[in-house]
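This is protein_29.tsv (TSV, C-alpha atoms).
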```
chain	number	residue	atom	x	y	z
A	914	MET	CA	78.24	-9.79	2.72
A	915	SER	CA	74.81	-8.17	2.65
A	916	ILE	CA	71.80	-10.15	3.83
A	917	ARG	CA	70.09	-9.66	0.47
A	918	ARG	CA	73.04	-10.98	-1.56
A	919	LYS	CA	73.33	-14.01	0.71
A	920	GLU	CA	69.59	-14.65	0.51
A	921	LEU	CA	69.74	-14.34	-3.28
A	922	GLY	CA	72.56	-16.88	-3.49
A	923	ASP	CA	70.88	-19.29	-1.09
A	924	PHE	CA	67.59	-18.98	-2.97
A	925	LEU	CA	69.19	-19.84	-6.31
A	926	ALA	CA	71.18	-22.73	-4.81
A	927	SER	CA	68.07	-24.15	-3.16
A	928	LEU	CA	66.03	-23.87	-6.33
A	929	ARG	CA	68.83	-25.40	-8.41
A	930	SER	CA	69.00	-28.41	-6.09
A	931	LYS	CA	65.31	-29.13	-6.72
A	932	CYS	CA	65.64	-29.25	-10.53
A	933	PRO	CA	65.81	-32.83	-11.89
A	934	PRO	CA	68.64	-32.86	-14.46
A	935	ALA	CA	66.75	-35.07	-16.90
A	936	ALA	CA	63.85	-32.60	-16.99
A	937	PHE	CA	66.29	-29.90	-18.13
A	938	GLY	CA	67.99	-31.97	-20.82
A	939	PHE	CA	70.98	-33.25	-18.81
A	940	PRO	CA	71.76	-36.92	-18.09
A	941	ALA	CA	70.94	-37.88	-14.52
A	942	GLY	CA	73.98	-40.16	-14.16
A	943	ILE	CA	74.88	-42.21	-11.12
A	944	ARG	CA	78.14	-40.31	-10.56
A	945	ARG	CA	76.51	-36.98	-9.81
A	946	ARG	CA	77.67	-35.55	-6.52
A	947	THR	CA	75.27	-32.61	-6.79
A	948	GLN	CA	71.59	-32.92	-6.08
A	949	GLY	CA	69.68	-31.29	-8.91
A	950	LEU	CA	71.48	-29.18	-11.49
A	951	ARG	CA	75.15	-28.24	-11.32
A	952	ARG	CA	76.15	-24.58	-11.27
A	953	GLU	CA	77.70	-24.82	-14.71
A	954	GLU	CA	74.50	-26.35	-16.06
A	955	VAL	CA	72.42	-23.45	-14.76
A	956	ALA	CA	74.96	-21.05	-16.28
A	957	GLN	CA	74.72	-22.89	-19.58
A	958	LEU	CA	70.91	-22.74	-19.57
A	959	ALA	CA	70.95	-19.04	-18.66
A	960	GLU	CA	73.73	-18.24	-21.12
A	961	ILE	CA	75.96	-16.60	-18.53
A	962	SER	CA	79.50	-17.29	-17.36
A	963	PRO	CA	79.83	-20.22	-14.90
A	964	THR	CA	82.19	-18.09	-12.82
A	965	TRP	CA	79.71	-15.21	-12.79
A	966	TYR	CA	76.88	-17.52	-11.71
A	967	THR	CA	79.07	-19.01	-8.97
A	968	TRP	CA	79.77	-15.52	-7.66
A	969	ILE	CA	76.02	-14.82	-7.54
A	970	GLU	CA	75.40	-17.96	-5.46
A	971	GLN	CA	78.34	-17.06	-3.22
A	972	GLY	CA	76.81	-13.66	-2.50
A	973	ARG	CA	79.71	-11.71	-4.01
A	974	ASP	CA	79.36	-7.94	-4.30
A	975	ILE	CA	78.54	-7.84	-8.02
A	976	ASN	CA	75.81	-6.15	-10.03
A	977	VAL	CA	73.40	-8.53	-11.73
A	978	SER	CA	71.45	-7.01	-14.62
A	979	SER	CA	67.73	-7.42	-15.13
A	980	ASP	CA	68.47	-9.27	-18.36
A	981	ALA	CA	70.65	-11.83	-16.54
A	982	LEU	CA	67.98	-12.28	-13.87
A	983	ASP	CA	65.38	-12.80	-16.60
A	984	ARG	CA	67.51	-15.54	-18.16
A	985	LEU	CA	68.06	-17.19	-14.77
A	986	ALA	CA	64.34	-17.13	-14.02
A	987	ARG	CA	63.54	-18.73	-17.36
A	988	ALA	CA	66.38	-21.28	-17.06
A	989	LEU	CA	65.17	-22.43	-13.64
A	990	ARG	CA	61.51	-22.26	-14.74
A	991	MET	CA	60.48	-19.98	-11.92
A	992	ASP	CA	56.82	-19.32	-11.32
A	993	ARG	CA	55.40	-15.83	-10.85
A	994	THR	CA	56.08	-15.67	-7.11
A	995	GLN	CA	59.62	-17.05	-7.37
A	996	ARG	CA	60.43	-14.64	-10.18
A	997	ALA	CA	59.14	-11.64	-8.23
A	998	TYR	CA	61.18	-12.74	-5.21
A	999	LEU	CA	64.33	-13.08	-7.36
A	1000	PHE	CA	64.05	-9.55	-8.73
A	1001	GLU	CA	63.17	-8.13	-5.31
A	1002	LEU	CA	66.26	-9.68	-3.70
A	1003	ALA	CA	68.45	-8.37	-6.52
A	1004	GLY	CA	66.91	-4.91	-6.29
A	1005	ARG	CA	66.03	-4.90	-9.98
A	1006	ARG	CA	62.88	-4.14	-11.97
A	1007	ASP	CA	61.43	-7.13	-13.78
A	1008	ILE	CA	61.74	-6.44	-17.51
A	1009	SER	CA	59.11	-8.99	-18.52
A	1010	PRO	CA	57.01	-10.17	-15.58
A	1011	LEU	CA	54.87	-13.23	-16.00
A	1012	PRO	CA	51.20	-12.55	-16.70
A	1013	ALA	CA	48.73	-12.52	-13.85
A	1014	ASP	CA	47.17	-15.74	-12.70
A	1015	PRO	CA	44.00	-17.00	-14.39
A	1016	GLU	CA	40.82	-14.96	-14.11
A	1017	LEU	CA	39.02	-15.02	-10.79
A	1018	PRO	CA	35.90	-17.19	-10.61
A	1019	ASP	CA	32.75	-15.44	-11.77
A	1020	GLY	CA	30.95	-13.69	-8.95
A	1021	LEU	CA	33.78	-14.02	-6.43
A	1022	LEU	CA	34.44	-10.29	-6.02
A	1023	ASP	CA	30.75	-9.44	-5.92
A	1024	ASN	CA	30.06	-12.11	-3.31
A	1025	LEU	CA	33.02	-10.85	-1.30
A	1026	VAL	CA	31.86	-7.25	-0.99
A	1027	GLN	CA	28.21	-8.15	-0.50
A	1028	GLY	CA	29.14	-9.78	2.80
A	1029	ILE	CA	30.72	-6.57	4.14
A	1030	ALA	CA	28.46	-4.29	6.18
A	1031	MET	CA	30.44	-1.07	5.71
A	1032	PRO	CA	30.86	0.64	2.31
A	1033	ALA	CA	33.20	-1.49	0.19
A	1034	TYR	CA	34.24	-1.62	-3.44
A	1035	VAL	CA	36.86	-3.36	-5.59
A	1036	LEU	CA	39.15	-1.57	-8.06
A	1037	GLY	CA	40.89	-3.09	-11.07
A	1038	ARG	CA	44.13	-2.17	-12.87
A	1039	TYR	CA	42.82	1.15	-14.21
A	1040	TRP	CA	40.76	1.78	-11.09
A	1041	GLU	CA	37.60	0.57	-12.74
A	1042	VAL	CA	35.05	-0.57	-10.16
A	1043	LEU	CA	34.73	-4.34	-10.42
A	1044	ALA	CA	32.26	-4.79	-7.57
A	1045	PHE	CA	30.59	-2.77	-4.81
A	1046	ASN	CA	27.99	-3.28	-2.10
A	1047	PRO	CA	24.75	-1.40	-1.32
A	1048	ALA	CA	26.45	0.60	1.43
A	1049	ALA	CA	28.95	1.95	-1.10
A	1050	ALA	CA	26.17	2.78	-3.56
A	1051	ALA	CA	24.32	4.67	-0.81
A	1052	LEU	CA	27.45	6.64	0.10
A	1053	PHE	CA	28.42	7.47	-3.49
A	1054	SER	CA	24.93	8.51	-4.53
A	1055	GLY	CA	24.81	9.89	-8.04
A	1056	TRP	CA	27.64	7.56	-9.07
A	1057	LEU	CA	27.58	3.95	-7.89
A	1058	ASP	CA	23.80	3.98	-7.66
A	1059	GLN	CA	23.67	4.82	-11.37
A	1060	PRO	CA	24.21	2.40	-14.30
A	1061	GLY	CA	27.86	1.58	-15.01
A	1062	PRO	CA	30.53	1.10	-16.00
A	1063	HIS	CA	32.17	2.97	-13.14
A	1064	ASN	CA	35.72	4.23	-12.76
A	1065	LEU	CA	37.00	6.01	-9.64
A	1066	LEU	CA	39.29	8.45	-11.48
A	1067	GLU	CA	36.66	9.33	-14.05
A	1068	TYR	CA	34.21	10.01	-11.24
A	1069	VAL	CA	36.54	12.19	-9.19
A	1070	PHE	CA	37.87	14.24	-12.10
A	1071	LEU	CA	34.95	14.34	-14.54
A	1072	ASP	CA	31.77	14.20	-12.45
A	1073	PRO	CA	30.78	17.58	-10.92
A	1074	GLY	CA	29.01	15.72	-8.13
A	1075	ALA	CA	32.35	14.43	-6.82
A	1076	ARG	CA	33.51	17.96	-6.05
A	1077	ILE	CA	30.49	18.34	-3.77
A	1078	LEU	CA	30.56	14.90	-2.15
A	1079	VAL	CA	34.31	14.57	-1.51
A	1080	GLU	CA	35.54	16.76	1.33
A	1081	ASP	CA	38.60	18.87	0.43
A	1082	TRP	CA	38.25	17.74	-3.17
A	1083	GLU	CA	41.46	19.31	-4.52
A	1084	ALA	CA	43.74	17.67	-1.93
A	1085	ARG	CA	42.04	14.30	-2.37
A	1086	ALA	CA	42.14	14.52	-6.17
A	1087	ARG	CA	45.83	15.45	-6.16
A	1088	ARG	CA	46.55	12.50	-3.89
A	1089	LEU	CA	44.53	10.12	-6.06
A	1090	ALA	CA	46.57	11.08	-9.13
A	1091	ALA	CA	49.79	10.42	-7.20
A	1092	GLU	CA	48.46	7.10	-5.90
A	1093	PHE	CA	47.42	6.02	-9.38
A	1094	ARG	CA	50.85	6.87	-10.79
A	1095	ALA	CA	52.52	4.80	-8.06
A	1096	ASP	CA	50.01	1.98	-8.57
A	1097	SER	CA	50.79	1.96	-12.32
A	1098	ARG	CA	54.58	2.01	-12.00
A	1099	SER	CA	55.01	-1.46	-13.46
A	1100	SER	CA	52.80	-0.80	-16.51
A	1101	LEU	CA	53.51	2.79	-17.54
A	1102	ASP	CA	54.37	1.56	-21.05
A	1103	ASP	CA	51.07	-0.31	-21.36
A	1104	PRO	CA	49.26	1.13	-24.43
A	1105	ALA	CA	45.86	0.77	-22.73
A	1106	LEU	CA	47.10	2.71	-19.71
A	1107	GLU	CA	48.67	5.38	-21.92
A	1108	ALA	CA	45.37	5.79	-23.78
A	1109	PHE	CA	43.39	5.99	-20.53
A	1110	VAL	CA	45.70	8.62	-19.03
A	1111	ALA	CA	45.75	10.64	-22.26
A	1112	ARG	CA	41.96	10.67	-22.49
A	1113	LEU	CA	41.53	11.63	-18.84
A	1114	ALA	CA	44.14	14.39	-19.14
A	1115	ALA	CA	42.40	15.74	-22.24
A	1116	GLU	CA	39.03	15.86	-20.48
A	1117	SER	CA	40.27	17.10	-17.10
A	1118	PRO	CA	42.80	19.96	-16.84
A	1119	ASP	CA	43.09	19.20	-13.11
A	1120	PHE	CA	44.13	15.61	-13.75
A	1121	ALA	CA	46.55	16.75	-16.46
A	1122	GLU	CA	48.18	19.19	-14.04
A	1123	PHE	CA	48.43	16.68	-11.18
A	1124	TRP	CA	49.74	13.94	-13.48
A	1125	ARG	CA	52.48	16.23	-14.83
A	1126	ARG	CA	53.81	16.71	-11.31
A	1127	HIS	CA	54.99	13.07	-11.21
A	1128	ASP	CA	54.08	12.78	-7.52
A	1129	VAL	CA	53.91	9.20	-6.26
A	1130	LEU	CA	52.17	7.99	-3.12
A	1131	GLU	CA	51.12	4.56	-1.95
A	1132	ARG	CA	47.38	4.06	-1.59
A	1133	GLN	CA	47.10	4.24	2.17
A	1134	GLY	CA	44.33	4.43	4.69
A	1135	GLY	CA	43.25	7.52	6.54
A	1136	LEU	CA	40.31	9.69	7.41
A	1137	ARG	CA	37.93	10.39	4.52
A	1138	GLY	CA	35.20	13.02	4.77
A	1139	PHE	CA	32.07	13.37	2.62
A	1140	HIS	CA	29.29	15.95	2.31
A	1141	HIS	CA	26.37	13.69	1.53
A	1142	PRO	CA	23.32	15.42	0.01
A	1143	GLN	CA	20.85	13.56	2.26
A	1144	ARG	CA	22.90	12.42	5.24
A	1145	GLY	CA	25.09	15.45	5.80
A	1146	HIS	CA	28.71	15.23	6.87
A	1147	LEU	CA	30.12	11.69	7.05
A	1148	ALA	CA	33.55	10.50	8.15
A	1149	TYR	CA	35.19	7.16	7.45
A	1150	GLN	CA	38.50	5.43	8.02
A	1151	GLN	CA	39.68	4.02	4.68
A	1152	VAL	CA	41.52	0.70	4.49
A	1153	THR	CA	42.81	-0.85	1.24
A	1154	PHE	CA	43.76	-4.50	0.71
A	1155	ARG	CA	45.30	-6.26	-2.29
A	1156	LEU	CA	44.72	-9.83	-3.44
A	1157	VAL	CA	47.85	-11.96	-3.16
A	1158	ASP	CA	47.66	-13.56	-6.63
A	1159	HIS	CA	46.11	-10.50	-8.32
A	1160	ASP	CA	48.10	-7.52	-7.11
A	1161	GLU	CA	46.27	-5.18	-9.48
A	1162	ILE	CA	42.97	-5.79	-7.65
A	1163	LYS	CA	42.29	-3.67	-4.58
A	1164	LEU	CA	39.53	-4.05	-1.98
A	1165	VAL	CA	38.65	-0.70	-0.40
A	1166	MET	CA	36.60	-0.51	2.78
A	1167	LEU	CA	35.34	2.57	4.59
A	1168	ARG	CA	34.73	2.15	8.32
A	1169	PRO	CA	32.45	4.78	9.86
A	1170	THR	CA	34.23	6.75	12.58
A	1171	THR	CA	31.05	7.81	14.37
```
File written out as C-alpha cells:
Amino acid sequence: MSIRRKELGDFLASLRSKCPPAAFGFPAGIRRRTQGLRREEVAQLAEISPTWYTWIEQGRDINVSSDALDRLARALRMDRTQRAYLFELAGRRDISPLPADPELPDGLLDNLVQGIAMPAYVLGRYWEVLAFNPAAAALFSGWLDQPGPHNLLEYVFLDPGARILVEDWEARARRLAAEFRADSRSSLDDPALEAFVARLAAESPDFAEFWRRHDVLERQGGLRGFHHPQRGHLAYQQVTFRLVDHDEIKLVMLRPTT
C-alpha cells in the first residue's frame, strides 16, 4: 500500500469521524457504534458506491476521479486547505477549487514591503505590482518610480527601458514567460488571463514566441544583474515568497550581493 493512498484513507476517516450526524441530516441515535458519520452515509452524501468509498478509506489501489473527489469534498464540507490536501494526496487536479480567502486588509501589503530595507515588491495573479518600496522604485527607475498601474510582464516585454536595465534580457524574458505559464497553470481557462495573454502576445512578438514554446519553470531565486543608468552594474540575489492563504500573491525581495 502506498503512503499516499494510506494517508488519503486515514484523512477521510479522521474527517468523517468529526462530522456530527445531525448536522448532515442523519439521526444521531444512541445505538451508533461509529463516531461521526458512517462510511455508507458519506457514500450516500457523495453519491458514490459504499464499497468504492470503503476501498478508498482502506487505501486500495484504485483510481479516484477528480469528480468523485469533488463530491467527497462537498459532502464532508471541506474548507479550502482540506480540499487542496485531498486532491494533492489523490494526485488529481481540482476541477473547481474554492475561491481565495477574503481580501487582505487595506494597506497590509504596502506596510509589509515598506519595512524591508532591500528592494521588494508584491505581485498579484497576473503579475500586477500590488505594492513596492522606495528601494525597488530606485532600482527600477523609469518604471516603478513612474505613475502606475504597473505590471512586471508588461514592463519586461513592452518597455524599451527594460531591455537596457535587465542584464541578459532575452534569457530573463524567456524565463519569465515560462515562470508565468507555470504560475498560471490552475487558471489557464480564466477569461481574464486569456485576454491578458492575448493582448501581451499581440503587442510583443517576443512574448508570443516564448509563450508558444510552452516552457514551464517555477519562480525561483538566483542571481539577477542590472545595468542601472545612474548606479552602473548591480547584482542581487532574488528570493520569492508566497502568502499561505493567498497563493496567487508573491513577495519578491532582491538582496544586494556586494
Considering all atoms listed in the file, give me a table of residues in segment 978-1084 of chain A that are at most 10 Å from segment 947-956 of chain A, with the closest atom pair and distance in Å for each, as CSV.
```
residue,atom,partner,partner_atom,distance
A:Arg984,CA,A:Ala956,CA,9.5
A:Leu985,CA,A:Val955,CA,7.6
A:Ala988,CA,A:Val955,CA,6.8
A:Leu989,CA,A:Val955,CA,7.4
```
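Each of A:Val1129, A:Ile961, A:Leu1025, A:Leu1065 was compared to Phe1053 of chain A using only C-alpha atoms, and A:Leu1065 turns out to be the nearest.
Closest approach to Leu1036 of chain A among A:Ala1148, A:Ala1048, A:Leu1022, A:Leu1071 is made by A:Leu1022 (distances from all atoms listed in the file).
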Identify, on the basis of only C-alpha atoms, every residue whose closest approach to Ala986 of chain A does not exceed 12 Å; exclude the query and any residue fewer than 5 positions from it along the same chain; express the result as a PyMOL selection string.
chain A and resi 924-925+928-929+955-956+958-960+979-981+991-1000+1007-1011
Restricting the output to C-alpha atoms, write the selected residues as a CSV table (one decimal), in the frame of the given file.
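Writing done, so here's part.csv:
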```
chain,number,residue,atom,x,y,z
A,924,PHE,CA,67.6,-19.0,-3.0
A,925,LEU,CA,69.2,-19.8,-6.3
A,928,LEU,CA,66.0,-23.9,-6.3
A,929,ARG,CA,68.8,-25.4,-8.4
A,955,VAL,CA,72.4,-23.4,-14.8
A,956,ALA,CA,75.0,-21.0,-16.3
A,958,LEU,CA,70.9,-22.7,-19.6
A,959,ALA,CA,71.0,-19.0,-18.7
A,960,GLU,CA,73.7,-18.2,-21.1
A,979,SER,CA,67.7,-7.4,-15.1
A,980,ASP,CA,68.5,-9.3,-18.4
A,981,ALA,CA,70.6,-11.8,-16.5
A,991,MET,CA,60.5,-20.0,-11.9
A,992,ASP,CA,56.8,-19.3,-11.3
A,993,ARG,CA,55.4,-15.8,-10.8
A,994,THR,CA,56.1,-15.7,-7.1
A,995,GLN,CA,59.6,-17.0,-7.4
A,996,ARG,CA,60.4,-14.6,-10.2
A,997,ALA,CA,59.1,-11.6,-8.2
A,998,TYR,CA,61.2,-12.7,-5.2
A,999,LEU,CA,64.3,-13.1,-7.4
A,1000,PHE,CA,64.0,-9.6,-8.7
A,1007,ASP,CA,61.4,-7.1,-13.8
A,1008,ILE,CA,61.7,-6.4,-17.5
A,1009,SER,CA,59.1,-9.0,-18.5
A,1010,PRO,CA,57.0,-10.2,-15.6
A,1011,LEU,CA,54.9,-13.2,-16.0
```
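In this model, the gap between atom CA of Ala1086 of chain A and atom CA of His1141 of chain A comes to 17.6 Å.
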Give me the residues within 12 Å of Leu1147 of chain A as a JSON list (two decimals) with C-alpha atoms, keeping the file's coordinate frame, counting all atoms listed in the file and dropping any in the same chain fewer than 6 places off.
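As written to disk, result06.json reads:
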```json
[["chain", "number", "residue", "atom", "x", "y", "z"],
["A", 1052, "LEU", "CA", 27.45, 6.64, 0.10],
["A", 1053, "PHE", "CA", 28.42, 7.47, -3.49],
["A", 1078, "LEU", "CA", 30.56, 14.90, -2.15],
["A", 1079, "VAL", "CA", 34.31, 14.57, -1.51],
["A", 1080, "GLU", "CA", 35.54, 16.76, 1.33],
["A", 1136, "LEU", "CA", 40.31, 9.69, 7.41],
["A", 1137, "ARG", "CA", 37.93, 10.39, 4.52],
["A", 1138, "GLY", "CA", 35.20, 13.02, 4.77],
["A", 1139, "PHE", "CA", 32.07, 13.37, 2.62],
["A", 1140, "HIS", "CA", 29.29, 15.95, 2.31],
["A", 1141, "HIS", "CA", 26.37, 13.69, 1.53],
["A", 1167, "LEU", "CA", 35.34, 2.57, 4.59],
["A", 1168, "ARG", "CA", 34.73, 2.15, 8.32],
["A", 1169, "PRO", "CA", 32.45, 4.78, 9.86],
["A", 1170, "THR", "CA", 34.23, 6.75, 12.58],
["A", 1171, "THR", "CA", 31.05, 7.81, 14.37]]
```
Would you please work out which residue, of A:Asp1160, A:Leu1057, A:Ala1050, A:Ala1115, is nearest to Ser1097 of chain A when using all atoms listed in the file?
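Closest candidate: A:Asp1160.
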Could you jot down the atom CA of Tyr1034 of chain A to atom CA of Asp1081 of chain A separation for me, Å, one decimal place?
21.3 Å
Selection near Trp1124 of chain A, 10 Å with all atoms listed in the file, sequence-local residues under 3 positions removed, as a list of chain:residue names
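Everything that qualifies: A:Arg1087, A:Leu1089, A:Ala1090, A:Ala1091, A:Phe1093, A:Arg1094, A:Val1110, A:Ala1114, A:Pro1118, A:Asp1119, A:Phe1120, A:Ala1121, A:His1127, A:Asp1128, A:Val1129.
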Do a neighbour search on Arg1038 of chain A at 12 Å with all atoms listed in the file, toss out local chain neighbours closer than 4 positions, and write the hits as number ranges by chain.
A: 1013, 1042-1043, 1064-1066, 1093-1101, 1103, 1105-1106, 1109, 1155, 1159-1164
Quick one: distance from atom CA of Arg1006 of chain A to atom CA of Val977 of chain A in Å, one decimal?
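Going from atom CA of Arg1006 of chain A over to atom CA of Val977 of chain A covers 11.4 Å.
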For Phe939 of chain A, the nearest of the candidates A:Asp923, A:Gln957, A:Arg987, A:Trp965, counting all atoms listed in the file:
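The answer is A:Gln957, which sits nearest to Phe939 of chain A.
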Nearest to Phe937 of chain A: which of A:Trp968, A:Arg990, A:Ala1084, A:Met1166 is it, counting all atoms listed in the file?
A:Arg990
Hey, could you pull the box centre and edge lengths for segment 1154-1164 of chain A, axis-aligned, 3 Å padding per side, all listed atoms, to one decimal in Å, as lines of an AutoDock Vina configuration file?
```
center_x = 43.8
center_y = -8.6
center_z = -4.4
size_x = 14.6
size_y = 15.9
size_z = 16.2
```
Nearest residue to Ser1117 of chain A from the set A:Lys931, A:Val1069, A:Gln1027, A:Gly1055 (distances using all atoms listed in the file):
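When distances to Ser1117 of chain A are compared using all atoms listed in the file, the smallest one comes from A:Val1069.
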